[in-house]
Amino acid sequence: MNAVVLTSSGLETQTVPTPTPAAGEVRIALSAAALNHRDQYIRDGKYAKIQLPCVLGSDGCGVVDMAPDEASHLLGQRVVIDPSFDWGTNPAAQGPHFSILGMPRQGTFAEYVCVPWQNVHLAPSHLTDAEAAALPLAGLTAYRAIMVQGAVKRGDVVLVTGIGGGVATMVLQFALAAGATVWVTSGSDAKLERARELGARGGANYHVDTWTADLANAVSGFDCIVDSVGGDLVNDLTGLARAGGRIVFYGTSRGSVPSLNLHRIYWKQLHLVGSTMGTPDDFRAMLDVVRQHQLRPVVDSVYTLAQAEQAFDRMKQSEQLGKIVISCN
Ligand SMILES: NC(=O)c1ccc[n+]([C@@H]2O[C@H](COP(=O)([O-])OP(=O)(O)OC[C@H]3O[C@@H](n4cnc5c(N)ncnc54)[C@H](OP(=O)(O)O)[C@@H]3O)[C@@H](O)[C@H]2O)c1
């Protein structure tokens with residue numbers, strides 16, 4: 001089969017052996033996969049315990065073509081893959097054996113992938129293959145950030161930073177589904193405009209010096225802020241949160257906070273919460289919300305397996321709004 005393999009010299013489209021499922025696994029003939037920033041971090045060598053060569057890719061949609069007896073009901077079905085493995089028994093946080101599909105386990109930038117059948121779920125029927133492939137990792141992360149860790153409810157006012165991000169666009173959609181009013185930030189006015197079309201009330205361009213003051217003038221404190229940027233932005237976010245509000249962090253694209261204003265955090269009685277991926281129950285609940293509200297992940301662009309390097313470069317330059325998809329067949 002054809003696969004995008006990350007080697008010590010970079011990304012290469014190669015012909016590799018078609019995988020056969022181990023005990024308890026299904027094989028999926030993939031129609032589409034999707035990129036996450038994790039893939040770019042691994043390509044850049046900025047990820048823990050990198051093992052090469054490896055087929056990257058945590059997201060996929062396809063049809064089950066081999067299945068063990070206990071999963072024969074999945075044969076011929078169009079499915080998506082829960083990319084979280086071995087979460088463990090504590091719903092509050094993943095255990096020590098937790099891992100994510102696509103390094104070290106062979107991922108979805110390929111024509112076929114094998115995964116445990118318990119990680120496989122029917123794809124929501126209202127989604128195209130590209131939309132279904134765009135859903136799993138970003139949808140799971142966004143669902144847990146908003147619905148579980150953020151506990152966002154009807155009437156809340158929410159801020160989502162960096163709306164161009166694949167997860168951020170899903171955070172916007174889940175927050176709207178929860179009944180919140182949503183504001184966004186972006187480095188691009190065109191992305192702010194697109195976010196308004198998707199249902200955001202308004203936004204601010206973080207390249208404009210007055211962006212925090214502009215948001216503070218428009219909203220008298222956010223009930224919940226969902227961020228993956230981190231860095232010195234965190235002190236701006238504690239300023240924008242309402243007293244008693246929540247800030248959910250699921251990434252640190254700009255690194256750790258150089259100098260945290262701790263005084264403001266205790267004085268405003270803020271709740272700072274971390275969020276990573278989600279439990280198997282979160283994944284099922286996420287699919288339920290997607291079906292109930294007929295949510296459609298935002299697909300930015302679609303590339304072939306042979307064009308994977310261009311797809312990665314688009315993500316590296318933050319040119320996308322939503323998910324970058326790879327067509328696998
Ligand atoms: N903990 C988890 O489970 C989990 C899961 C998924 C992702 N993550 C992390 O979350 C981050 C985003 O992942 P992703 O896959 O959604 O990435 P992505 O699609 O590449 O999105 C990154 C976005 O961050 C925004 N951004 C960059 N610098 C910014 C700044 N200074 N201020 C505000 N926004 C800024 C940009 O938005 P604009 O283009 O709008 O400016 C960019 O499009 C990554 O660090 C990733 O590792 C964590």
# chains A, B, ... in the order shown; residues from 1 in each chain; ligands from 1
$ residues_around --residues "Gln51 in chain A" --least-positions-apart "6" --cutoff "10 Å" --atoms "only C-alpha atoms" --output "PDB file with N, CA and C atoms, in the first residue's frame"
ATOM      1  N   LEU A   6       7.376   9.033   7.883  1.00  0.00           N
ATOM      2  CA  LEU A   6       8.360   9.994   8.392  1.00  0.00           C
ATOM      3  C   LEU A   6       9.630   9.224   8.706  1.00  0.00           C
ATOM      4  N   THR A   7      10.711   9.584   8.008  1.00  0.00           N
ATOM      5  CA  THR A   7      12.018   8.971   8.268  1.00  0.00           C
ATOM      6  C   THR A   7      12.944  10.057   8.817  1.00  0.00           C
ATOM      7  N   SER A   8      14.179   9.680   9.117  1.00  0.00           N
ATOM      8  CA  SER A   8      15.117  10.685   9.645  1.00  0.00           C
ATOM      9  C   SER A   8      15.423  11.749   8.593  1.00  0.00           C
ATOM     10  N   ILE A  42       5.924  16.321  15.547  1.00  0.00           N
ATOM     11  CA  ILE A  42       6.751  15.109  15.392  1.00  0.00           C
ATOM     12  C   ILE A  42       7.698  15.279  14.202  1.00  0.00           C
ATOM     13  N   MET A 103       2.369   7.087  15.588  1.00  0.00           N
ATOM     14  CA  MET A 103       3.611   7.229  16.371  1.00  0.00           C
ATOM     15  C   MET A 103       3.347   7.102  17.843  1.00  0.00           C
ATOM     16  N   PRO A 104       3.824   5.973  18.480  1.00  0.00           N
ATOM     17  CA  PRO A 104       4.574   4.891  17.831  1.00  0.00           C
ATOM     18  C   PRO A 104       3.694   3.938  16.997  1.00  0.00           C
ATOM     19  N   ARG A 105       2.391   3.816  17.330  1.00  0.00           N
ATOM     20  CA  ARG A 105       1.521   2.939  16.531  1.00  0.00           C
ATOM     21  C   ARG A 105       1.383   3.538  15.115  1.00  0.00           C
TER      22      ARG A 105
END
$ residues_around --residues "Gly165 in chain A" --least-positions-apart "3" --cutoff "7 Å" --atoms "only C-alpha atoms" --output "VMD selection string"
chain A and resid 162 168 to 169 321 to 322
$ select_by_dssp --residues "range 182-323 of chain A" --states "strand (DSSP E)" --output "JSON, numbers by chain"
{"A": [182, 183, 184, 185, 186, 202, 203, 204, 205, 222, 223, 224, 225, 226, 227, 241, 242, 243, 244, 245, 246, 247, 248, 249, 271, 272, 273, 274, 299, 300, 301, 302, 303, 304, 323]}
$ closest_atom_pairs --of "chain A" --to "ligand 1" --cutoff "6 Å" --atoms "only C-alpha atoms and all ligand atoms" --output "CSV"
residue,atom,partner,partner_atom_place_in_ligand_line,distance
A:Asn36,CA,ligand 1,15 (O),4.0
A:His37,CA,ligand 1,15 (O),3.8
A:Arg38,CA,ligand 1,47 (O),5.1
A:Ala138,CA,ligand 1,6 (C),5.9
A:Thr141,CA,ligand 1,3 (O),5.3
A:Thr161,CA,ligand 1,33 (C),5.1
A:Gly162,CA,ligand 1,34 (N),3.2
A:Ile163,CA,ligand 1,40 (O),4.2
A:Gly164,CA,ligand 1,40 (O),3.5
A:Gly165,CA,ligand 1,21 (O),3.0
A:Gly166,CA,ligand 1,19 (O),3.8
A:Val167,CA,ligand 1,16 (O),3.9
A:Ala168,CA,ligand 1,16 (O),5.8
A:Ser186,CA,ligand 1,40 (O),3.5
A:Gly187,CA,ligand 1,41 (O),3.7
A:Ser188,CA,ligand 1,41 (O),5.8
A:Ser228,CA,ligand 1,10 (O),4.7
A:Val229,CA,ligand 1,35 (C),5.6
A:Tyr250,CA,ligand 1,1 (N),4.1
A:Gly251,CA,ligand 1,10 (O),4.0
A:Thr252,CA,ligand 1,45 (O),5.0
A:Ser253,CA,ligand 1,45 (O),4.1
A:Ser275,CA,ligand 1,1 (N),5.7
A:Thr276,CA,ligand 1,3 (O),3.4
A:Met277,CA,ligand 1,3 (O),3.7
A:Met315,CA,ligand 1,20 (O),5.1
A:Ser318,CA,ligand 1,43 (O),4.4
$ select_by_dssp --residues "range 76-187 of chain A" --states "helix (DSSP H, G or I)" --output "PyMOL selection string"
chain A and resi 117-119+129-134+136-149+166-177
$ write_last_selection --atoms "N, CA and C atoms" --output "mmCIF file, in the first residue's frame"
data_model
loop_
_atom_site.group_PDB
_atom_site.id
_atom_site.type_symbol
_atom_site.label_atom_id
_atom_site.label_comp_id
_atom_site.auth_asym_id
_atom_site.auth_seq_id
_atom_site.Cartn_x
_atom_site.Cartn_y
_atom_site.Cartn_z
ATOM 1 N N TRP A 117 -10.713 -3.040 17.754
ATOM 2 C CA TRP A 117 -12.068 -2.782 17.264
ATOM 3 C C TRP A 117 -12.850 -1.890 18.226
ATOM 4 N N GLN A 118 -12.471 -1.888 19.518
ATOM 5 C CA GLN A 118 -13.185 -1.018 20.468
ATOM 6 C C GLN A 118 -12.950 0.464 20.179
ATOM 7 N N ASN A 119 -11.912 0.796 19.406
ATOM 8 C CA ASN A 119 -11.643 2.197 19.067
ATOM 9 C C ASN A 119 -12.397 2.659 17.825
ATOM 10 N N ASP A 129 -16.769 11.899 3.779
ATOM 11 C CA ASP A 129 -15.577 11.193 4.282
ATOM 12 C C ASP A 129 -14.540 12.193 4.805
ATOM 13 N N ALA A 130 -14.362 13.308 4.096
ATOM 14 C CA ALA A 130 -13.365 14.309 4.536
ATOM 15 C C ALA A 130 -13.779 14.895 5.882
ATOM 16 N N GLU A 131 -15.057 15.217 6.046
ATOM 17 C CA GLU A 131 -15.528 15.784 7.319
ATOM 18 C C GLU A 131 -15.396 14.764 8.455
ATOM 19 N N ALA A 132 -15.732 13.513 8.161
ATOM 20 C CA ALA A 132 -15.641 12.477 9.196
ATOM 21 C C ALA A 132 -14.180 12.274 9.608
ATOM 22 N N ALA A 133 -13.263 12.315 8.634
ATOM 23 C CA ALA A 133 -11.840 12.164 8.956
ATOM 24 C C ALA A 133 -11.336 13.341 9.777
ATOM 25 N N ALA A 134 -11.937 14.501 9.576
ATOM 26 C CA ALA A 134 -11.510 15.716 10.294
ATOM 27 C C ALA A 134 -11.958 15.713 11.748
ATOM 28 N N PRO A 136 -12.203 13.162 14.549
ATOM 29 C CA PRO A 136 -11.902 12.462 15.812
ATOM 30 C C PRO A 136 -11.024 13.207 16.818
ATOM 31 N N LEU A 137 -9.770 13.516 16.482
ATOM 32 C CA LEU A 137 -8.892 14.071 17.526
ATOM 33 C C LEU A 137 -9.337 15.476 17.921
ATOM 34 N N ALA A 138 -9.633 16.304 16.934
ATOM 35 C CA ALA A 138 -10.050 17.687 17.244
ATOM 36 C C ALA A 138 -11.404 17.690 17.950
ATOM 37 N N GLY A 139 -12.315 16.820 17.472
ATOM 38 C CA GLY A 139 -13.647 16.773 18.084
ATOM 39 C C GLY A 139 -13.587 16.314 19.525
ATOM 40 N N LEU A 140 -12.778 15.272 19.768
ATOM 41 C CA LEU A 140 -12.647 14.743 21.133
ATOM 42 C C LEU A 140 -12.034 15.796 22.058
ATOM 43 N N THR A 141 -10.965 16.428 21.608
ATOM 44 C CA THR A 141 -10.280 17.440 22.433
ATOM 45 C C THR A 141 -11.216 18.615 22.712
ATOM 46 N N ALA A 142 -11.914 19.065 21.674
ATOM 47 C CA ALA A 142 -12.811 20.216 21.823
ATOM 48 C C ALA A 142 -13.998 19.869 22.713
ATOM 49 N N TYR A 143 -14.545 18.655 22.537
ATOM 50 C CA TYR A 143 -15.694 18.239 23.353
ATOM 51 C C TYR A 143 -15.323 18.245 24.831
ATOM 52 N N ARG A 144 -14.202 17.621 25.178
ATOM 53 C CA ARG A 144 -13.814 17.553 26.597
ATOM 54 C C ARG A 144 -13.505 18.953 27.143
ATOM 55 N N ALA A 145 -12.815 19.785 26.316
ATOM 56 C CA ALA A 145 -12.464 21.141 26.781
ATOM 57 C C ALA A 145 -13.727 21.945 27.108
ATOM 58 N N ILE A 146 -14.732 21.859 26.251
ATOM 59 C CA ILE A 146 -15.947 22.682 26.431
ATOM 60 C C ILE A 146 -16.942 22.016 27.384
ATOM 61 N N MET A 147 -17.269 20.765 27.127
ATOM 62 C CA MET A 147 -18.399 20.130 27.830
ATOM 63 C C MET A 147 -17.991 19.551 29.196
ATOM 64 N N VAL A 148 -16.744 19.068 29.312
ATOM 65 C CA VAL A 148 -16.336 18.394 30.551
ATOM 66 C C VAL A 148 -15.518 19.367 31.409
ATOM 67 N N GLN A 149 -14.333 19.725 30.953
ATOM 68 C CA GLN A 149 -13.449 20.575 31.772
ATOM 69 C C GLN A 149 -13.961 22.016 31.858
ATOM 70 N N GLY A 166 -7.429 23.714 14.018
ATOM 71 C CA GLY A 166 -8.366 22.622 13.782
ATOM 72 C C GLY A 166 -9.206 22.320 15.005
ATOM 73 N N VAL A 167 -8.584 22.316 16.196
ATOM 74 C CA VAL A 167 -9.360 22.081 17.415
ATOM 75 C C VAL A 167 -10.242 23.296 17.701
ATOM 76 N N ALA A 168 -9.681 24.502 17.524
ATOM 77 C CA ALA A 168 -10.418 25.725 17.882
ATOM 78 C C ALA A 168 -11.748 25.839 17.131
ATOM 79 N N THR A 169 -11.752 25.461 15.845
ATOM 80 C CA THR A 169 -13.015 25.561 15.089
ATOM 81 C C THR A 169 -14.059 24.608 15.676
ATOM 82 N N MET A 170 -13.599 23.451 16.177
ATOM 83 C CA MET A 170 -14.550 22.522 16.806
ATOM 84 C C MET A 170 -14.988 23.040 18.178
ATOM 85 N N VAL A 171 -14.070 23.711 18.906
ATOM 86 C CA VAL A 171 -14.431 24.317 20.196
ATOM 87 C C VAL A 171 -15.561 25.321 19.972
ATOM 88 N N LEU A 172 -15.423 26.145 18.933
ATOM 89 C CA LEU A 172 -16.488 27.106 18.590
ATOM 90 C C LEU A 172 -17.814 26.373 18.383
ATOM 91 N N GLN A 173 -17.788 25.287 17.636
ATOM 92 C CA GLN A 173 -19.030 24.582 17.314
ATOM 93 C C GLN A 173 -19.656 23.928 18.553
ATOM 94 N N PHE A 174 -18.843 23.311 19.417
ATOM 95 C CA PHE A 174 -19.403 22.686 20.624
ATOM 96 C C PHE A 174 -19.917 23.744 21.593
ATOM 97 N N ALA A 175 -19.219 24.887 21.685
ATOM 98 C CA ALA A 175 -19.688 25.952 22.582
ATOM 99 C C ALA A 175 -21.038 26.486 22.103
ATOM 100 N N LEU A 176 -21.179 26.656 20.791
ATOM 101 C CA LEU A 176 -22.474 27.103 20.254
ATOM 102 C C LEU A 176 -23.550 26.053 20.533
ATOM 103 N N ALA A 177 -23.186 24.774 20.365
ATOM 104 C CA ALA A 177 -24.154 23.700 20.619
ATOM 105 C C ALA A 177 -24.590 23.687 22.082
#
$ closest_atom_pairs --of "range 195-286 of chain A" --to "range 68-85 of chain A" --cutoff "8 Å" --atoms "only C-alpha atoms" --output "tab-separated table"
residue	atom	partner	partner_atom	distance
A:Met277	CA	A:Ser84	CA	7.2
A:Gly278	CA	A:Ser84	CA	7.3
A:Thr279	CA	A:Ser84	CA	7.5
A:Pro280	CA	A:Asp82	CA	7.5
A:Phe283	CA	A:Asp82	CA	6.7
$ closest_residue --among "A:Pro258, A:Pro116, A:Gly10, A:Gly202" --to "Gly24 in chain A" --atoms "only C-alpha atoms"
A:Pro116
$ closest_residue --among "A:Ala311, A:Ala22, A:Ala3, A:Cys61" --to "Leu127 in chain A" --atoms "only C-alpha atoms"
A:Cys61
$ atom_distance --atom1 "CA of Ala178 in chain A" --atom2 "CA of Tyr266 in chain A"
27.7 Å
$ closest_residue --among "A:Pro124, A:Gly274, A:Pro91, A:Pro53" --to "Val290 in chain A" --atoms "only C-alpha atoms"
A:Pro124
$ closest_residue --among "A:Arg264, A:Leu159, A:Arg284, A:Arg201" --to "Asp227 in chain A" --atoms "only C-alpha atoms"
A:Leu159
$ closest_residue --among "A:Ser99, A:Ala180, A:Asn205, A:Thr128" --to "Glu193 in chain A" --atoms "only C-alpha atoms"
A:Asn205
$ closest_atom_pairs --of "range 39-108 of chain A" --to "range 300-307 of chain A" --cutoff "12 Å" --atoms "only C-alpha atoms" --output "tab-separated table"
residue	atom	partner	partner_atom	distance
A:Val55	CA	A:Leu305	CA	11.5
A:Leu56	CA	A:Leu305	CA	11.6
A:Gly57	CA	A:Leu305	CA	11.4
A:Thr108	CA	A:Leu305	CA	10.4
$ decode --residues "range 278-301 of chain A" --atoms "N, CA and C atoms" --output "compact mmCIF listing (two decimals), in the first residue's frame"
# COMPACT_ATOMS: atom_id res chain seq x y z
N GLY A 278 -9.49 12.77 25.48
CA GLY A 278 -10.71 12.43 26.20
C GLY A 278 -10.85 10.94 26.39
N THR A 279 -11.79 10.55 27.25
CA THR A 279 -12.02 9.14 27.55
C THR A 279 -12.83 8.49 26.42
N PRO A 280 -12.91 7.14 26.41
CA PRO A 280 -13.80 6.50 25.43
C PRO A 280 -15.25 7.00 25.56
N ASP A 281 -15.71 7.25 26.80
CA ASP A 281 -17.07 7.79 26.97
C ASP A 281 -17.18 9.20 26.38
N ASP A 282 -16.12 10.02 26.55
CA ASP A 282 -16.14 11.35 25.93
C ASP A 282 -16.28 11.22 24.41
N PHE A 283 -15.56 10.24 23.84
CA PHE A 283 -15.61 10.09 22.37
C PHE A 283 -17.03 9.76 21.92
N ARG A 284 -17.67 8.82 22.64
CA ARG A 284 -19.05 8.45 22.27
C ARG A 284 -19.99 9.64 22.45
N ALA A 285 -19.81 10.38 23.56
CA ALA A 285 -20.68 11.53 23.82
C ALA A 285 -20.45 12.62 22.76
N MET A 286 -19.19 12.76 22.32
CA MET A 286 -18.88 13.74 21.28
C MET A 286 -19.62 13.39 19.99
N LEU A 287 -19.59 12.08 19.63
CA LEU A 287 -20.30 11.67 18.41
C LEU A 287 -21.80 11.93 18.55
N ASP A 288 -22.35 11.71 19.75
CA ASP A 288 -23.79 11.97 19.97
C ASP A 288 -24.12 13.44 19.72
N VAL A 289 -23.28 14.35 20.25
CA VAL A 289 -23.54 15.79 20.07
C VAL A 289 -23.43 16.16 18.59
N VAL A 290 -22.44 15.59 17.91
CA VAL A 290 -22.25 15.87 16.49
C VAL A 290 -23.49 15.44 15.70
N ARG A 291 -24.04 14.26 16.05
CA ARG A 291 -25.24 13.77 15.35
C ARG A 291 -26.46 14.64 15.70
N GLN A 292 -26.61 14.90 17.01
CA GLN A 292 -27.80 15.63 17.48
C GLN A 292 -27.87 17.03 16.87
N HIS A 293 -26.71 17.72 16.81
CA HIS A 293 -26.69 19.10 16.31
C HIS A 293 -26.26 19.17 14.85
N GLN A 294 -26.08 17.98 14.23
CA GLN A 294 -25.65 17.92 12.82
C GLN A 294 -24.43 18.81 12.57
N LEU A 295 -23.46 18.76 13.51
CA LEU A 295 -22.24 19.56 13.37
C LEU A 295 -21.40 19.01 12.22
N ARG A 296 -20.73 19.91 11.51
CA ARG A 296 -19.85 19.52 10.41
C ARG A 296 -18.48 20.14 10.64
N PRO A 297 -17.44 19.33 10.89
CA PRO A 297 -16.09 19.91 11.02
C PRO A 297 -15.75 20.76 9.80
N VAL A 298 -15.01 21.84 10.04
CA VAL A 298 -14.63 22.73 8.95
C VAL A 298 -13.41 22.14 8.25
N VAL A 299 -13.58 21.78 6.98
CA VAL A 299 -12.46 21.24 6.19
C VAL A 299 -11.82 22.40 5.43
N ASP A 300 -10.56 22.65 5.74
CA ASP A 300 -9.84 23.76 5.11
C ASP A 300 -9.44 23.41 3.69
N SER A 301 -8.87 22.21 3.50
CA SER A 301 -8.32 21.84 2.21
C SER A 301 -8.09 20.33 2.19
